[in-house]
Amino acid sequence: MGALPQFLRQRLGVVHILLAMALVITFSAGCHTTPPVDMQPLEAAGMGYEAMSQLKALGVTTAEVAQIAAARQAGFSDAACLQLVQLYRARKQPFDAGQTIAGLIGAGTSEATVMSLARLNQLGLNAGEFEAMRLAGLSDQILLAEAQHRAASEPTLSGASLASMKNLGLRSDTLLQLVEHGVPDADAAQILAARRRGAKDTEILREFAGS
């Protein structure tokens, strides 16, 4: 057979190049297969098979598994862990609050309160202060009232101010009313001064909360 015409040789050359590129792409895809996420930390934390299966269906990452395990190890239920991940998925955010939740639970915060904080999107930077408030003996109700004001960007007393007022003997229901009425932290020094002068809870509420 005679030599192939020039245009056929060129066309065959292009075909060979395309075939070579296809082989390279196929080989590369095979070499970069993502390994399955290890769910063992969740099992070790006491999570049941059904909950782990649902989390796997949500496509949790290795980093998320570690965070979920931290929350579960601290005492969070399977159902609550699943709800939290679904909540973060709805916000298109990775679940990264497991250690924060563990701290709150360790400080005595209830699961229901933590879930409410999560729905208010208050498990970020503010959560450390909430943990400190709980350790100072402030109630879950005060934490939630505080979180609601912060979520709405409304004035509220700081955790440190509330702890100082508690140390001066203000009752828990008085502190809750001050927070619920949106008393700003700018008034904290005056409230503390009034208490040191002997002002009663009812007098403080009447002057600063209008009740």
# chains A, B, ... in the order shown; residues from 1 in each chain; ligands from 1
$ residues_around --residues "range 145-149 of chain A" --least-positions-apart "3" --cutoff "9 Å" --atoms "only C-alpha atoms" --output "number ranges by chain"
A: 117, 120-122, 126, 130, 140-142, 152-159, 176, 179-180, 182
$ write_last_selection --atoms "C-alpha atoms" --output "mmCIF file, in the first residue's frame"
data_model
loop_
_atom_site.group_PDB
_atom_site.id
_atom_site.type_symbol
_atom_site.label_atom_id
_atom_site.label_comp_id
_atom_site.auth_asym_id
_atom_site.auth_seq_id
_atom_site.Cartn_x
_atom_site.Cartn_y
_atom_site.Cartn_z
ATOM 1 C CA LEU A 117 -29.235 28.721 70.673
ATOM 2 C CA LEU A 120 -30.972 31.506 66.826
ATOM 3 C CA ASN A 121 -27.584 31.029 65.140
ATOM 4 C CA GLN A 122 -25.853 31.856 68.431
ATOM 5 C CA ASN A 126 -20.987 34.491 71.563
ATOM 6 C CA PHE A 130 -22.830 31.885 77.237
ATOM 7 C CA ASP A 140 -30.813 28.766 80.932
ATOM 8 C CA GLN A 141 -33.735 31.193 80.726
ATOM 9 C CA ILE A 142 -31.357 34.147 81.075
ATOM 10 C CA ALA A 152 -32.018 40.663 66.902
ATOM 11 C CA SER A 153 -29.059 43.071 67.406
ATOM 12 C CA GLU A 154 -30.897 44.645 70.349
ATOM 13 C CA PRO A 155 -29.291 46.169 73.481
ATOM 14 C CA THR A 156 -28.673 43.806 76.377
ATOM 15 C CA LEU A 157 -26.556 43.424 79.474
ATOM 16 C CA SER A 158 -23.266 41.575 79.077
ATOM 17 C CA GLY A 159 -22.628 38.247 80.703
ATOM 18 C CA LEU A 176 -34.176 37.753 83.657
ATOM 19 C CA VAL A 179 -32.544 41.166 80.096
ATOM 20 C CA GLU A 180 -36.077 40.722 78.756
ATOM 21 C CA GLY A 182 -33.539 45.121 76.926
#
$ residues_around --residues "range 40-43 of chain A" --least-positions-apart "2" --cutoff "8 Å" --atoms "only C-alpha atoms" --output "list in words"
Asp38, Ala45, Gly46, Met47, Gly48, Tyr49, Met52, Val65, Ala66, Ile68, Ala69 and Arg72 of chain A
$ residues_around --residues "range 193-195 of chain A" --least-positions-apart "5" --cutoff "9 Å" --atoms "only C-alpha atoms" --output "VMD selection string"
chain A and resid 165 168 to 170 188 200 to 201 204
$ write_last_selection --atoms "C-alpha atoms" --output "PDB file, in the first residue's frame"
ATOM      1  CA  MET A 165     -25.214  41.546  89.682  1.00  0.00           C
ATOM      2  CA  LEU A 168     -24.360  41.168  94.682  1.00  0.00           C
ATOM      3  CA  GLY A 169     -27.469  39.115  95.421  1.00  0.00           C
ATOM      4  CA  LEU A 170     -29.910  40.111  92.675  1.00  0.00           C
ATOM      5  CA  ALA A 188     -24.819  48.151  84.389  1.00  0.00           C
ATOM      6  CA  LYS A 200     -33.936  46.264  96.570  1.00  0.00           C
ATOM      7  CA  ASP A 201     -34.706  44.159  93.488  1.00  0.00           C
ATOM      8  CA  ILE A 204     -33.931  48.340  90.582  1.00  0.00           C
TER       9      ILE A 204
END
$ atom_distance --atom1 "CA of Leu143 in chain A" --atom2 "CA of Arg197 in chain A"
27.4 Å
$ closest_residue --among "A:Leu192, A:Ala118, A:Ala209, A:Val85" --to "Asn167 in chain A" --atoms "only C-alpha atoms"
A:Leu192
